[in-house]
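**Student:** Got a structure for you, questions after.
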Amino acid sequence: MNKITVIINEKKFEVDPHKTILEVCRENEVEILTMCHLKGIVDIGACRLCLVEIEGMNKLIPACTTKVAANMVIRTDTEKLKKYQRITTELFYAERNHVCAVCVSNGKCELQNLGYKVGVDNIRYPHLFPQCEVDTSHPWYVMDHNRCIMCTRCVRVCNEVEGAHNWDVMNRGHQVRIISDFNTPWGESTTCTSCGKCLHACPTGAIWPKAIVQGQLEKNPVMITELIERRKMKL
Amino acid sequence: MIRHELQALTGKVREKQQQYKHRICVCCGASCISSGSEEVLNKLNEEIKARGLEETVEVIPTGCMGPCNQGPLVKYLPENTIYQKVDCENLQRVVQSQLIDKKPLEDLLLFADSREKPFVDAAEDPFFKRQQKIALKDCGDINPDSIEDYLAVGGYQALDKAIFLMSPEEVISEVKQSRIRGRGGAGYPTGLKWETVYKYVSDQKYVICNGDEGDPGAFMDRSVLEGNPHRVLESMAIAGYAIGASKGYAYIRGEYPLAIKRFEQAIKQAGKLGLLGKNILGSNFSFDVEVRIGAGAFVCGEETALIASIEGKRGTPKPRPPFPAESGLWGKPTLINNVETFAAIAPIILNGGEWYSETGTAKSAGTKVFALAGKINYSGLIEVPMGTSLREIVFDIGGGIQHGAEFKAAQTGGPSGGCIPAEHLDVKMDYESLMSLGSIMGSGGLIVMDKSSDMVDVARYFMEFCMDESCGKCIPCRVGTKMMHDLIQKIGERKATRIDLDRLEELAVYVKETSLCGLGASAPNPLLSTLRHFREEYESKIQQEG
Amino acid sequence: MKSDTAVPVKEVSKTDPRIKLIAARIKKENYKPDALIEILHTAQGAYGYLPKEVLVYIAKALKLPPSRVFSTVTFYHFFSLKSKGDHTCIVCTGTACYVKGAQAILNKLEKEFGLKPGQVTTDNKLGVAVARCIGACGLAPAVVIDNDVQGKVSADAIIETINEKTGIV
């Protein structure tokens, strides 16, 4: 395959033309922050953390859904992008009720790591404090909407990899919630196979197994990517 | 029906119409219907029969005539005399005076308070005189329920011309030459869009007519669909021929049942005459149109969200690229144009792109339909050349502010647009000029406000709209609009400090730049434009430190 | 945002004329899942809202996952999961109506019947809702009572019309 040249943060790279900006950056150890991306499942460009600046474009472009093009000049590290990443992170924290100290994911949470990375020391926006349910109806797993950031990785993994489509999103705007079936309790779902993939896809402590205590949750999202790769090889 | 039969039928219809000496048009646009125009239509028919005039006088329902707040409107042709607020009682007096005594009935003539006297020939009224109708031509003169009426005014001649006398490339080049830009808001050159879709090779392509007019205060698309559905249908077929599509969808708001009914009826009528369906007019070109009814989501005006909605899903937008021109409906190349854009296509094909481009400004060719509403004497629908000044629209056409009050601002572009203050009344209404003032053309809603309007509250109103209509997919729009709404509300309640105002401004720029789709990216516009032009109103409401 | 507790969903009756209507529509659309919104329109038109058992029926007929149906229903404002009342009063809150006093009408409705937008009287006789813009801006403020558009209305006139139609005084 013919390689093309792209310039990322003033450095030249020879890359495959069919790859996304995100793939190219990750392969070349250029850091791009993401939340809704999980390698292997369809990208939706929703978390806006992977936005990059591209010369000649008047808009910020999501790296996860945009393919590289010959001689593309990309910036991932401008002050503006850093500022926006910080605001995005703060909005994630302000949207629901995140209390790290009592969370199963404490210390191993992607949202927490993101906060450290962009240097969030306080949240400048008023917390929305929405009333959120904790669904404990499933025999093994818990869905805690307080900790959900609406990345919809669980929805996509359930649909695309497991093929169960237990999860989806209801309502719209800031009222959106992850639902199972007809907004029925998870434990009464007619579609869930209890495979547990959503648990590993979830970047925060929103989905967790019951047999675990605070701060002890180890998630393995890479397992899902590997599973998808293995299935592809089999085909 | 094959080609020469169309010409024969058109001739026959015209002949039949010439039998009548008078034509009485009763406006049956949604606005006039709710003022009782359907009863007026029935009663008028009875009256004409009772007087034995049915051989010489034709009574028809038509689409919107324009000055909606004066309805029900009844127009007498050929005199072109319009009567306002006609009801079942006073219509007899009008008939007696107009048809029997042959003189106009002064007290019911169309009249706005600010004018000196009413006009017998409506074309003399500045409301009509200053307008130039292309998209709305025939709307208000013909019966939208009758395909014959449309044929009589040259309907389906453009389709005939395109299919038999032009290659798809020639059609596209004509549209390019017209320099028409998308009337849905963003103003992307239509010809370029057509060409892009044309170039993609695919076994199946689609044409979509975007009639999901969601801006509060905008009813241009509705009036076109209700008043002249065949024009839109014909233009969709022309687009299908040009880009190589055999299937079209008209996505119409669920809130517009009359538009849906008339458009579905138009599809049936055209299909029956062979102007739609397999081998149109005996050619090799086949094209079908289906109506899809919107279910109440503003975001579905966004191309990718609209496509998701037609596919029966949540109307959430997708990042572009890929653009719908490459991968749209069911992953196929798809052309999406707004209703008003389509309404201009048939005349462009018939009269040539150059003819269209002679109207308007260098960068914004042609005409634009605006929906006037708010504190203005004539509220309703108008069509003016691009580049007409706001002052001319508000004061000459619209008859000025109600009760002689002072003009404060005009809001264009709905929740995606901004407010234009009095000092910019001379702004030319075109894409670039409005953009430079922090507003947008949008789909054409134009709300006039007087001194009683509180601009902070106006900003809050539009932000509440965007907050409710946000699809919730990307975080800047989902949480950002809520945060901004709460902050504006706090300012309105005089509880906010300067820090809140600074934060609000920072958030507004952030949401504008980082949102996934047009809804989020334009949601801060009403806020930013009122901050720009009416900053003192915000300042006066924030608490001073201490 | 409470999830529905485990009330067993009753099955729809195949002889219900409304279900027949929906079934006919589904057949007409060739059981295509992408016709979901069209079918929901038919169901909403028939029932005035979307009862859960009807959603279950539609999901099964179109072979769609329940969450996919529910997510679509809750996305669009046109669809409602609750009965909107025997009589409905929809106040347009489009910009023109807003400028011309839609809020005053809503306030009056709340004062008179104790109903906020989206609420229904306990006897289900009257429901009050708001529309974003019904496109009758020239007639602002506009209110739709049982599908009849009333233009340039005063709050008092609306109350009177409602009283006439519903018999609530």
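The chains in the structure tokens are called A, B, ... from first to last as shown; in each chain the residues are counted from 1, and the ligands are counted from 1 in the order shown.
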Residues of chain B within 6 Å of chain C, using only C-alpha atoms, as a ChimeraX atom specification?
**Tutor:** /B:31,34,68-69,216-217,219,295-297,311-314,373-374,379-380
**Student:** Restricted to N, CA and C atoms, what would the selected residues look like written as a PDB file, in the first residue's frame?
**Tutor:**
ATOM      1  N   SER B  31     -52.659  29.195   8.222  1.00  0.00           N
ATOM      2  CA  SER B  31     -53.016  30.335   9.052  1.00  0.00           C
ATOM      3  C   SER B  31     -54.446  30.782   8.771  1.00  0.00           C
ATOM      4  N   SER B  34     -57.144  28.364   9.968  1.00  0.00           N
ATOM      5  CA  SER B  34     -57.499  28.451  11.382  1.00  0.00           C
ATOM      6  C   SER B  34     -58.279  29.723  11.685  1.00  0.00           C
ATOM      7  N   CYS B  68     -50.458  36.965   6.672  1.00  0.00           N
ATOM      8  CA  CYS B  68     -51.245  35.963   7.399  1.00  0.00           C
ATOM      9  C   CYS B  68     -52.079  36.524   8.553  1.00  0.00           C
ATOM     10  N   ASN B  69     -51.592  37.592   9.206  1.00  0.00           N
ATOM     11  CA  ASN B  69     -52.350  38.048  10.373  1.00  0.00           C
ATOM     12  C   ASN B  69     -53.628  38.782   9.986  1.00  0.00           C
ATOM     13  N   PRO B 216     -38.582  27.892  15.649  1.00  0.00           N
ATOM     14  CA  PRO B 216     -39.808  28.569  16.045  1.00  0.00           C
ATOM     15  C   PRO B 216     -39.873  29.911  15.317  1.00  0.00           C
ATOM     16  N   GLY B 217     -41.016  30.231  14.749  1.00  0.00           N
ATOM     17  CA  GLY B 217     -41.161  31.502  14.040  1.00  0.00           C
ATOM     18  C   GLY B 217     -40.895  31.392  12.565  1.00  0.00           C
ATOM     19  N   PHE B 219     -42.082  29.621   8.920  1.00  0.00           N
ATOM     20  CA  PHE B 219     -43.092  28.791   8.275  1.00  0.00           C
ATOM     21  C   PHE B 219     -43.033  28.923   6.756  1.00  0.00           C
ATOM     22  N   ALA B 295     -41.088  13.445  13.617  1.00  0.00           N
ATOM     23  CA  ALA B 295     -41.779  13.133  14.859  1.00  0.00           C
ATOM     24  C   ALA B 295     -41.443  14.121  15.966  1.00  0.00           C
ATOM     25  N   GLY B 296     -41.017  15.299  15.578  1.00  0.00           N
ATOM     26  CA  GLY B 296     -40.809  16.320  16.593  1.00  0.00           C
ATOM     27  C   GLY B 296     -39.421  16.310  17.171  1.00  0.00           C
ATOM     28  N   ALA B 297     -38.436  16.643  16.351  1.00  0.00           N
ATOM     29  CA  ALA B 297     -37.072  16.790  16.837  1.00  0.00           C
ATOM     30  C   ALA B 297     -36.376  17.815  15.943  1.00  0.00           C
ATOM     31  N   GLU B 311     -34.220   6.451   8.470  1.00  0.00           N
ATOM     32  CA  GLU B 311     -33.908   5.032   8.656  1.00  0.00           C
ATOM     33  C   GLU B 311     -34.621   4.453   9.870  1.00  0.00           C
ATOM     34  N   GLY B 312     -35.463   5.276  10.512  1.00  0.00           N
ATOM     35  CA  GLY B 312     -36.267   4.784  11.624  1.00  0.00           C
ATOM     36  C   GLY B 312     -35.542   4.763  12.953  1.00  0.00           C
ATOM     37  N   LYS B 313     -34.498   5.568  13.074  1.00  0.00           N
ATOM     38  CA  LYS B 313     -33.717   5.557  14.310  1.00  0.00           C
ATOM     39  C   LYS B 313     -33.844   6.880  15.062  1.00  0.00           C
ATOM     40  N   ARG B 314     -33.186   6.936  16.221  1.00  0.00           N
ATOM     41  CA  ARG B 314     -33.049   8.202  16.928  1.00  0.00           C
ATOM     42  C   ARG B 314     -32.365   9.181  15.977  1.00  0.00           C
ATOM     43  N   ALA B 373     -42.700  37.871  11.710  1.00  0.00           N
ATOM     44  CA  ALA B 373     -43.572  37.670  12.859  1.00  0.00           C
ATOM     45  C   ALA B 373     -43.122  38.593  13.970  1.00  0.00           C
ATOM     46  N   GLY B 374     -43.860  38.587  15.038  1.00  0.00           N
ATOM     47  CA  GLY B 374     -43.538  39.450  16.166  1.00  0.00           C
ATOM     48  C   GLY B 374     -44.321  40.745  16.104  1.00  0.00           C
ATOM     49  N   SER B 379     -47.696  40.556   9.643  1.00  0.00           N
ATOM     50  CA  SER B 379     -46.869  39.370   9.814  1.00  0.00           C
ATOM     51  C   SER B 379     -47.313  38.363   8.772  1.00  0.00           C
ATOM     52  N   GLY B 380     -46.373  37.627   8.266  1.00  0.00           N
ATOM     53  CA  GLY B 380     -46.684  36.684   7.206  1.00  0.00           C
ATOM     54  C   GLY B 380     -45.466  36.357   6.393  1.00  0.00           C
TER      55      GLY B 380
END
**Student:** Find the residues of chain A in contact range of chain C, meaning any atom within 8 Å when counting only C-alpha atoms, and list them as JSON, numbers by chain.
**Tutor:** {"A": [131, 132, 133, 165, 166, 167, 168, 169, 170, 171, 172, 179, 180, 181, 182, 183, 184, 185, 188, 191]}
**Student:** Please determine, counting only C-alpha atoms, which residue among A:Pro62, A:Pro130, A:Gly173, A:Gly40 has the shortest atom-to-atom distance to chain B.
**Tutor:** A:Gly173
**Student:** Give the residues of chain B that lie within 9 Å of chain A; count only C-alpha atoms, and format the answer as a ChimeraX atom specification.
**Tutor:** /B:318-322,466-483,503,507,510,513-516
**Student:** CA of Tyr378 in chain B to CA of Val394 in chain B: how many Å, to one decimal?
**Tutor:**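 Interatomic distance, CA of Tyr378 in chain B to CA of Val394 in chain B: 9.0 Å.
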**Student:** Using DSSP on the backbone coordinates, identify all residues within range 151-215 of chain B classified as strand (DSSP E or B); present the result as a PDB file with N, CA and C atoms, in the first residue's frame.
**Tutor:**
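Writing done, so here's result22.pdb:
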ATOM      1  N   ARG B 181     -27.814  29.139  -3.452  1.00  0.00           N
ATOM      2  CA  ARG B 181     -27.216  28.477  -2.289  1.00  0.00           C
ATOM      3  C   ARG B 181     -28.319  27.899  -1.420  1.00  0.00           C
ATOM      4  N   PRO B 189     -23.387  26.103  -1.756  1.00  0.00           N
ATOM      5  CA  PRO B 189     -23.817  26.203  -3.152  1.00  0.00           C
ATOM      6  C   PRO B 189     -24.511  24.922  -3.627  1.00  0.00           C
ATOM      7  N   TYR B 206     -30.111   8.649  -3.592  1.00  0.00           N
ATOM      8  CA  TYR B 206     -31.375   9.180  -3.089  1.00  0.00           C
ATOM      9  C   TYR B 206     -31.410  10.704  -3.142  1.00  0.00           C
ATOM     10  N   VAL B 207     -32.628  11.206  -3.319  1.00  0.00           N
ATOM     11  CA  VAL B 207     -32.880  12.643  -3.193  1.00  0.00           C
ATOM     12  C   VAL B 207     -33.760  12.829  -1.959  1.00  0.00           C
ATOM     13  N   ILE B 208     -33.357  13.727  -1.078  1.00  0.00           N
ATOM     14  CA  ILE B 208     -34.191  13.996   0.090  1.00  0.00           C
ATOM     15  C   ILE B 208     -34.565  15.467   0.108  1.00  0.00           C
ATOM     16  N   CYS B 209     -35.856  15.702   0.328  1.00  0.00           N
ATOM     17  CA  CYS B 209     -36.314  17.075   0.499  1.00  0.00           C
ATOM     18  C   CYS B 209     -36.492  17.317   1.995  1.00  0.00           C
ATOM     19  N   ASN B 210     -35.740  18.262   2.504  1.00  0.00           N
ATOM     20  CA  ASN B 210     -35.762  18.535   3.937  1.00  0.00           C
ATOM     21  C   ASN B 210     -36.871  19.530   4.263  1.00  0.00           C
ATOM     22  N   GLY B 211     -37.961  19.001   4.790  1.00  0.00           N
ATOM     23  CA  GLY B 211     -39.083  19.855   5.185  1.00  0.00           C
ATOM     24  C   GLY B 211     -39.289  19.793   6.684  1.00  0.00           C
TER      25      GLY B 211
END
**Student:** Could you give me, as number ranges by chain, the residues within 8 Å of Pro209 in chain A, counting only C-alpha atoms and dropping anything in the same chain fewer than 3 positions from it?
**Tutor:** A: 140-142, 199, 212
**Student:** CA of Val369 in chain B to CA of Tyr461 in chain B: how many Å, to one decimal?
**Tutor:** 24.3 Å
**Student:** If you run DSSP over the backbone, which residues in range 63-135 of chain C end up helix (DSSP H, G or I)? Put them as a list in words.
**Tutor:**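 Listing helix (DSSP H, G or I) positions across range 63-135 of chain C yields Pro66, Ser67, Arg68, Val69, Phe70, Ser71, Thr72, Val73, Thr74, Phe75, Thr95, Ala96, Cys97, Tyr98, Val99, Ala102, Gln103, Ala104, Ile105, Leu106, Asn107, Lys108, Leu109, Glu110, Lys111, Glu112 and Phe113 of chain C.
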**Student:** Set the distance at 8 Å and use only C-alpha atoms: which residues neighbour range 163-169 of chain B once local chain neighbours fewer than 4 positions away are removed? I'd like the list as number ranges by chain.
**Tutor:** B: 159, 173, 238, 241-244, 283, 285
**Student:** Calculate how many Å separate CA of Val120 in chain B from CA of Pro104 in chain B, rounding to one decimal.
**Tutor:**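 Going from CA of Val120 in chain B over to CA of Pro104 in chain B covers 6.8 Å.
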**Student:** If you count only C-alpha atoms, which residues fall within 7 Å of range 135-149 of chain B, apart from same-chain ones fewer than 6 positions away, as a list in words?
**Tutor:**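 Those residues are Val13, Cys25, Cys27, Ile60, Pro61, Thr62, Gly63, Cys64, Met65, Val224, Glu226, Gly227, Asn228, Pro229, Arg262, Gln269, Glu340, Ala343 and Ala344 of chain B.
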**Student:** Any idea what's packed within 10 Å of Ile105 in chain C, counting only C-alpha atoms, ignoring anything in its chain fewer than 6 positions away? Could you give it as a PyMOL selection string?
**Tutor:** chain C and resi 91-92+111+141-143+153-159
